[in-house]
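File shown: input-v4.txt. Contents: compact mmCIF, C-alpha atoms (C1' of nucleotides).
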# COMPACT_ATOMS: atom_id res chain seq x y z
CA MET B 21 -39.52 -11.12 19.24
CA THR B 22 -36.04 -9.82 19.10
CA PRO B 23 -35.80 -6.50 17.28
CA ARG B 24 -33.76 -6.35 14.14
CA ALA B 25 -31.18 -3.65 13.34
CA GLY B 26 -32.67 -1.07 10.98
CA ARG B 27 -31.10 1.67 8.90
CA SER B 28 -30.68 4.02 11.83
CA PHE B 29 -28.59 1.48 13.73
CA PHE B 30 -25.91 1.69 11.03
CA THR B 31 -26.21 5.41 10.39
CA CYS B 32 -23.25 6.44 12.52
CA ASP B 33 -19.47 6.58 12.21
CA ALA B 34 -17.47 3.34 12.17
CA VAL B 35 -16.07 3.84 15.69
CA THR B 36 -19.58 4.10 17.11
CA LEU B 37 -20.79 1.09 15.13
CA ALA B 38 -17.80 -1.06 16.12
CA LYS B 39 -18.74 -0.60 19.79
CA ARG B 40 -22.47 -0.76 19.15
CA LEU B 41 -22.17 -4.15 17.41
CA LEU B 42 -20.47 -5.82 20.37
CA GLY B 43 -22.90 -8.12 22.15
CA GLN B 44 -25.39 -8.11 19.27
CA SER B 45 -26.36 -11.19 17.32
CA LEU B 46 -25.32 -11.94 13.74
CA VAL B 47 -28.00 -14.03 12.05
CA ARG B 48 -27.42 -16.12 8.93
CA ARG B 49 -30.03 -18.21 7.16
CA VAL B 50 -28.70 -21.10 5.08
CA HIS B 51 -30.85 -23.85 3.58
CA GLY B 52 -33.73 -22.65 5.74
CA ILE B 53 -31.70 -23.04 8.93
CA GLU B 54 -30.85 -20.11 11.17
CA LEU B 55 -27.38 -19.65 12.58
CA ARG B 56 -26.75 -17.10 15.32
CA GLY B 57 -23.56 -15.76 16.87
CA ARG B 58 -22.84 -13.11 19.48
CA ILE B 59 -20.39 -10.52 18.18
CA VAL B 60 -17.40 -10.24 20.52
CA GLU B 61 -14.71 -8.53 18.42
CA THR B 62 -14.85 -5.76 15.80
CA GLU B 63 -12.60 -3.32 13.94
CA ALA B 64 -13.47 0.11 12.54
CA TYR B 65 -12.29 1.27 9.10
CA VAL B 66 -12.98 4.94 9.30
CA GLY B 67 -13.15 6.14 5.71
CA VAL B 68 -11.10 7.82 2.99
CA ARG B 69 -8.41 9.07 5.39
CA ASP B 70 -7.73 5.58 6.81
CA ALA B 71 -4.58 4.24 5.10
CA ALA B 72 -5.44 0.70 6.21
CA SER B 73 -8.82 0.75 4.49
CA HIS B 74 -9.61 -0.64 1.06
CA ALA B 75 -11.27 2.74 0.43
CA TYR B 76 -8.21 4.82 1.35
CA GLU B 77 -8.14 8.13 -0.53
CA GLY B 78 -11.58 7.39 -1.88
CA ARG B 79 -10.48 4.46 -4.00
CA LEU B 80 -13.63 2.92 -5.47
CA THR B 81 -13.37 -0.42 -7.27
CA ALA B 82 -15.66 -3.28 -8.20
CA ARG B 83 -14.41 -5.08 -5.12
CA ASN B 84 -15.05 -2.44 -2.44
CA ARG B 85 -18.13 -0.78 -3.91
CA ALA B 86 -20.29 -1.97 -1.04
CA MET B 87 -18.33 0.19 1.40
CA PHE B 88 -19.74 3.25 -0.37
CA ASP B 89 -23.31 1.95 -0.31
CA GLU B 90 -26.12 2.57 2.19
CA PRO B 91 -25.38 2.01 5.87
CA GLY B 92 -26.24 -1.58 6.73
CA VAL B 93 -25.09 -2.98 3.41
CA CYS B 94 -22.76 -5.93 3.75
CA TYR B 95 -19.19 -5.81 2.36
CA VAL B 96 -17.68 -9.26 1.83
CA TYR B 97 -14.22 -9.54 0.28
CA PHE B 98 -11.97 -12.42 -0.69
CA THR B 99 -8.32 -12.34 0.37
CA TYR B 100 -5.15 -14.44 0.56
CA GLY B 101 -6.58 -16.56 -2.22
CA MET B 102 -8.79 -18.49 0.17
CA HIS B 103 -10.45 -16.39 2.86
CA HIS B 104 -13.57 -14.25 3.10
CA CYS B 105 -14.12 -11.39 5.57
CA VAL B 106 -17.42 -9.69 6.38
CA ASN B 107 -18.05 -6.01 7.15
CA PHE B 108 -21.02 -3.72 7.67
CA SER B 109 -21.05 -0.43 5.80
CA CYS B 110 -22.01 2.57 7.92
CA ALA B 111 -22.12 6.38 8.06
CA THR B 112 -23.86 7.61 4.90
CA ARG B 113 -24.00 6.60 1.24
CA GLY B 114 -20.78 7.73 -0.45
CA ASP B 115 -18.78 7.77 2.81
CA PRO B 116 -16.88 4.45 2.81
CA GLN B 117 -16.78 3.64 6.51
CA ALA B 118 -17.24 0.04 7.62
CA VAL B 119 -16.84 -2.33 10.55
CA LEU B 120 -15.10 -5.71 10.21
CA ILE B 121 -16.54 -8.56 12.29
CA ARG B 122 -13.59 -10.50 13.75
CA ALA B 123 -15.12 -13.02 16.16
CA LEU B 124 -18.39 -14.51 17.39
CA GLU B 125 -19.59 -16.84 20.09
CA VAL B 126 -22.00 -19.36 18.61
CA ILE B 127 -25.54 -19.02 19.99
CA GLN B 128 -27.46 -21.29 17.64
CA GLY B 129 -26.53 -23.83 14.95
CA HIS B 130 -23.49 -25.53 16.47
CA ASP B 131 -24.03 -28.71 14.45
CA VAL B 132 -24.28 -27.00 11.07
CA ILE B 133 -21.43 -24.64 11.91
CA ARG B 134 -19.18 -27.50 12.96
CA LYS B 135 -19.82 -29.19 9.60
CA LEU B 136 -19.09 -25.98 7.69
CA ARG B 137 -15.83 -25.52 9.55
CA ASN B 138 -14.88 -29.11 8.79
CA ARG B 139 -12.10 -29.26 11.34
CA GLU B 140 -11.44 -32.13 13.75
CA GLY B 141 -11.62 -31.62 17.47
CA ILE B 142 -12.28 -27.89 17.39
CA SER B 143 -13.74 -26.36 20.55
CA ASP B 144 -17.03 -24.45 20.58
CA GLN B 145 -15.26 -21.25 21.51
CA ALA B 146 -12.94 -21.48 18.50
CA LEU B 147 -15.64 -22.09 15.87
CA CYS B 148 -15.94 -18.41 14.95
CA GLN B 149 -12.65 -17.09 16.31
CA GLY B 150 -11.09 -14.88 13.63
CA PRO B 151 -12.58 -13.01 10.66
CA ALA B 152 -12.03 -15.77 8.08
CA ASN B 153 -13.06 -18.53 10.46
CA LEU B 154 -16.40 -16.95 11.19
CA THR B 155 -17.26 -16.44 7.53
CA LYS B 156 -16.48 -20.08 6.85
CA ALA B 157 -18.50 -21.14 9.89
CA PHE B 158 -21.52 -19.10 8.77
CA GLY B 159 -21.28 -19.93 5.09
CA ILE B 160 -20.61 -16.31 4.15
CA ASP B 161 -19.03 -15.77 0.73
CA LEU B 162 -19.10 -13.33 -2.18
CA SER B 163 -22.71 -14.22 -2.97
CA LEU B 164 -23.63 -12.08 0.06
CA ASN B 165 -21.48 -9.10 -0.95
CA ALA B 166 -23.45 -5.86 -1.26
CA ILE B 167 -26.72 -7.27 0.09
CA ASP B 168 -28.75 -4.90 2.27
CA THR B 169 -28.87 -6.50 5.72
CA VAL B 170 -31.68 -4.17 6.74
CA LYS B 171 -33.93 -5.96 4.24
CA SER B 172 -32.37 -9.38 3.55
CA ASN B 173 -33.28 -12.49 5.51
CA ASP B 174 -30.04 -14.23 4.55
CA LEU B 175 -27.84 -12.10 6.79
CA TYR B 176 -28.73 -9.46 9.35
CA ILE B 177 -28.19 -8.17 12.89
CA GLU B 178 -30.56 -8.86 15.78
CA LEU B 179 -30.46 -6.49 18.71
CA LEU B 180 -29.87 -8.32 21.98
CA ARG B 181 -29.20 -5.06 23.80
CA ARG B 182 -30.22 -1.44 23.45
CA ARG B 183 -26.89 0.24 23.99
CA ALA B 184 -23.21 -0.41 23.43
CA PRO B 185 -21.48 -2.21 26.31
CA ARG B 186 -19.99 -0.10 29.10
CA ALA B 187 -16.39 0.96 28.49
CA SER B 188 -15.25 -1.12 31.45
CA VAL B 189 -16.17 -4.42 29.75
CA MET B 190 -14.59 -3.51 26.41
CA VAL B 191 -10.92 -3.53 25.45
CA ASN B 192 -9.68 -1.13 22.79
CA THR B 193 -6.44 -1.92 20.88
CA ALA B 194 -4.71 -1.47 17.55
CA ARG B 195 -6.16 -3.41 14.63
CA ILE B 196 -4.77 -6.80 13.58
CA GLY B 197 -2.81 -7.52 10.42
CA ILE B 198 -2.23 -3.92 9.32
CA SER B 199 1.03 -3.47 7.41
CA ALA B 200 3.63 -0.82 8.12
CA LYS B 201 2.61 0.91 4.92
CA ALA B 202 -0.47 2.21 6.70
CA GLY B 203 1.82 4.50 8.73
CA ARG B 204 0.27 5.90 11.88
CA TRP B 205 -3.00 4.11 11.07
CA ARG B 206 -1.33 0.84 11.98
CA ALA B 207 -1.25 1.90 15.62
CA GLU B 208 -4.62 3.63 15.83
CA ALA B 209 -6.80 1.95 18.47
CA LEU B 210 -9.71 0.94 16.28
CA ARG B 211 -10.25 -2.64 17.45
CA TRP B 212 -12.67 -3.51 20.24
CA TYR B 213 -13.49 -6.75 21.99
CA LEU B 214 -15.43 -7.96 24.99
CA ARG B 215 -12.99 -8.50 27.83
CA ASP B 216 -14.68 -11.62 29.16
CA SER B 217 -15.08 -13.50 25.88
CA LYS B 218 -13.01 -16.62 25.26
CA SER B 219 -13.59 -16.38 21.50
CA VAL B 220 -11.58 -13.24 20.79
CA SER B 221 -8.88 -13.68 18.09
CA GLY B 222 -5.35 -12.31 18.11
CA PRO B 223 -3.49 -10.75 21.02
CA ARG B 224 -5.43 -10.08 24.24
C1' DT P 30 1.08 -7.95 -19.60
C1' DT P 31 3.54 -8.79 -15.31
C1' DC P 32 4.02 -8.76 -10.51
C1' DA P 33 3.85 -8.04 -5.55
C1' DA P 34 1.00 -7.92 -1.60
C1' DG P 35 -2.89 -8.88 1.09
C1' DA P 36 -8.16 -6.37 7.16
C1' DT P 37 -5.58 -14.88 7.40
C1' DT P 38 -5.21 -19.56 9.02
C1' DT P 39 -2.93 -23.73 9.71
C1' DC P 40 0.68 -26.81 10.08
C1' DC P 41 5.53 -27.71 10.83
C1' DT P 42 9.98 -27.37 13.29
C1' DG G 4 8.72 -18.74 15.31
C1' DG G 5 8.18 -19.46 10.32
C1' DA G 6 6.33 -20.71 5.98
C1' DA G 7 2.84 -22.49 2.84
C1' DA G 8 -1.64 -22.30 0.73
C1' DT G 9 -3.86 -19.72 -3.14
C1' DC G 10 -5.86 -15.94 -6.28
C1' DT G 11 -7.75 -11.26 -6.94
C1' DT G 12 -6.68 -6.56 -7.17
C1' DG G 13 -4.24 -2.56 -8.41
C1' DA G 14 -0.02 -0.55 -9.66
C1' DA G 15 3.87 -0.71 -12.63
C1' DA G 16 5.87 -1.62 -17.16

Rewrite the structure from the file as structure tokens, please.
Amino acid sequence: MTPRAGRSFFTCDAVTLAKRLLGQSLVRRVHGIELRGRIVETEAYVGVRDAASHAYEGRLTARNRAMFDEPGVCYVYFTYGMHHCVNFSCATRGDPQAVLIRALEVIQGHDVIRKLRNREGISDQALCQGPANLTKAFGIDLSLNAIDTVKSNDLYIELLRRRAPRASVMVNTARIGISAKAGRWRAEALRWYLRDSKSVSGPR
DNA sequence: TTCAAGATTTCCT
DNA sequence: GGAAATCTTGAAA
């Protein structure tokens, strides 16, 4: 049986978790069916000093509360009036660090995922390419916000590997979609992806 | 109470 | 390359 990520897996800074999550499996249970995807792209939001983070300067609101919760708690937010994005809280309670999941390769549940995406002629590799695409593909919405993925069976991480990938197979770049208002944080290299994956979103 | 902007995607020219 | 879709949040008034 594949081991599941426990509290200790998430009890680290966001940079460590962003790399550690690459190559692991995101599991979602909907209507008794399991969907699985291999994580191939992540971004770190490193806490109160990060001007690109919803928790910049310690801002705590009803929306981003999950970022401040226990490591392993899921932070789902709604944006652009139509999209959801999913993150995993990390570090320690009260320290709002989190990792955004930006892309997956589908491992299990292609049929269900294709229906959820509801898009004609889409390739397998594009099903979960991009943060809002993967939440749609996996049926992730605000009902999953703030759930504890260490305990929930609706959404959690399965460990397909013991360690983060070697540096030589990862690519590290600036994050996507960060506005100029974030200042130097716009250019900080806090995005990672697996070099060989065809499902990575944004610039390669 | 009003308003601008957003950790995006898709479709059009 | 550019704009539309669509609505919540947080800051300004």

I need the chain G residues near chain B as a PDB file with C-alpha atoms (C1' of nucleotides), keeping the file's coordinate frame; criterion: at most 9 Å, counting all atoms listed in the file.
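And here is the file that came out, out.pdb:
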ATOM      1  C1'  DA G   8      -1.640 -22.300   0.730  1.00  0.00           C
ATOM      2  C1'  DT G   9      -3.860 -19.720  -3.140  1.00  0.00           C
ATOM      3  C1'  DC G  10      -5.860 -15.940  -6.280  1.00  0.00           C
ATOM      4  C1'  DT G  11      -7.750 -11.260  -6.940  1.00  0.00           C
ATOM      5  C1'  DT G  12      -6.680  -6.560  -7.170  1.00  0.00           C
TER       6       DT G  12
END

Could you produce a table of the residues of chain P lying within 10 Å of chain B, with the nearest pair of atoms per residue and their separation in Å rounded to one decimal, using all atoms listed in the file, ordered by chain and increasing residue number, as a Markdown table?
| residue | atom | partner | partner_atom | distance |
| --- | --- | --- | --- | --- |
| P:DA34 | C1' | B:Tyr100 | CA | 9.2 |
| P:DG35 | C1' | B:Tyr100 | CA | 6.0 |
| P:DA36 | C1' | B:Gly197 | CA | 6.4 |
| P:DT37 | C1' | B:Ala152 | CA | 6.5 |
| P:DT38 | C1' | B:Ala152 | CA | 7.9 |

Do you know which residues lie at most 12 Å from (-0.2, -0.5, -16.4), with coordinates as in the file and all atoms listed in the file counted, and could you write them as a compact mmCIF listing (two decimals) with C-alpha atoms (C1' of nucleotides), keeping the file's coordinate frame?
# COMPACT_ATOMS: atom_id res chain seq x y z
C1' DT P 30 1.08 -7.95 -19.60
C1' DT P 31 3.54 -8.79 -15.31
C1' DC P 32 4.02 -8.76 -10.51
C1' DG G 13 -4.24 -2.56 -8.41
C1' DA G 14 -0.02 -0.55 -9.66
C1' DA G 15 3.87 -0.71 -12.63
C1' DA G 16 5.87 -1.62 -17.16

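The two atoms in question, atom CA of B:His130 and atom CA of B:Ile53, are spaced 11.4 Å apart.
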
Query raised in the report: Could you work out how far atom CA of B:Val93 lies from atom CA of B:Thr169, giving the answer in Å with one decimal?
Result: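 Between atom CA of B:Thr169 and atom CA of B:Val93 the gap is 5.7 Å.
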
All residues 6 Å or closer to stretch 112-119 of chain B, only C-alpha atoms (C1' of nucleotides), same chain fewer than 3 positions away omitted, as a JSON list (two decimals) with C-alpha atoms, in the coordinates of the input:
[["chain", "number", "residue", "atom", "x", "y", "z"],
["B", 34, "ALA", "CA", -17.47, 3.34, 12.17],
["B", 38, "ALA", "CA", -17.80, -1.06, 16.12],
["B", 63, "GLU", "CA", -12.60, -3.32, 13.94],
["B", 64, "ALA", "CA", -13.47, 0.11, 12.54],
["B", 65, "TYR", "CA", -12.29, 1.27, 9.10],
["B", 66, "VAL", "CA", -12.98, 4.94, 9.30],
["B", 67, "GLY", "CA", -13.15, 6.14, 5.71],
["B", 87, "MET", "CA", -18.33, 0.19, 1.40],
["B", 88, "PHE", "CA", -19.74, 3.25, -0.37],
["B", 89, "ASP", "CA", -23.31, 1.95, -0.31],
["B", 90, "GLU", "CA", -26.12, 2.57, 2.19],
["B", 91, "PRO", "CA", -25.38, 2.01, 5.87],
["B", 107, "ASN", "CA", -18.05, -6.01, 7.15],
["B", 108, "PHE", "CA", -21.02, -3.72, 7.67],
["B", 109, "SER", "CA", -21.05, -0.43, 5.80]]

**Report entry** Coordinates-based distance that separates atom CA of B:Thr62 from atom CA of B:Val170 (Å, one decimal)
**Finding:**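 Between these atoms lies a distance of 19.2 Å.
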
Query - Non-local contacts of B:Leu41 (9 Å; all atoms listed in the file; under 3 positions in same chain excluded) as a list in words - result: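 My list of contacting residues is Thr36, Leu37, Ala38, Gln44, Ser45, Ile59, Val60, Glu61, Thr62, Val119, Ile121, Ile177, Leu179 and Ala184 of chain B.
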
**Report entry** Who sits within 12 Å of P:DC40, all atoms listed in the file, same chain under 3 positions skipped, as JSON, numbers by chain
**Finding:** {"G": [5, 6, 7, 8]}

Only C-alpha atoms (C1' of nucleotides), please: the residues just picked out, written as a short mmCIF file (atom, residue, chain, number, x, y, z; two decimals), keeping the file's coordinate frame.
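The result, written out as result-v1.cif:
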data_model
loop_
_atom_site.label_atom_id
_atom_site.label_comp_id
_atom_site.auth_asym_id
_atom_site.auth_seq_id
_atom_site.Cartn_x
_atom_site.Cartn_y
_atom_site.Cartn_z
"C1'" DG G 5 8.18 -19.46 10.32
"C1'" DA G 6 6.33 -20.71 5.98
"C1'" DA G 7 2.84 -22.49 2.84
"C1'" DA G 8 -1.64 -22.30 0.73
#
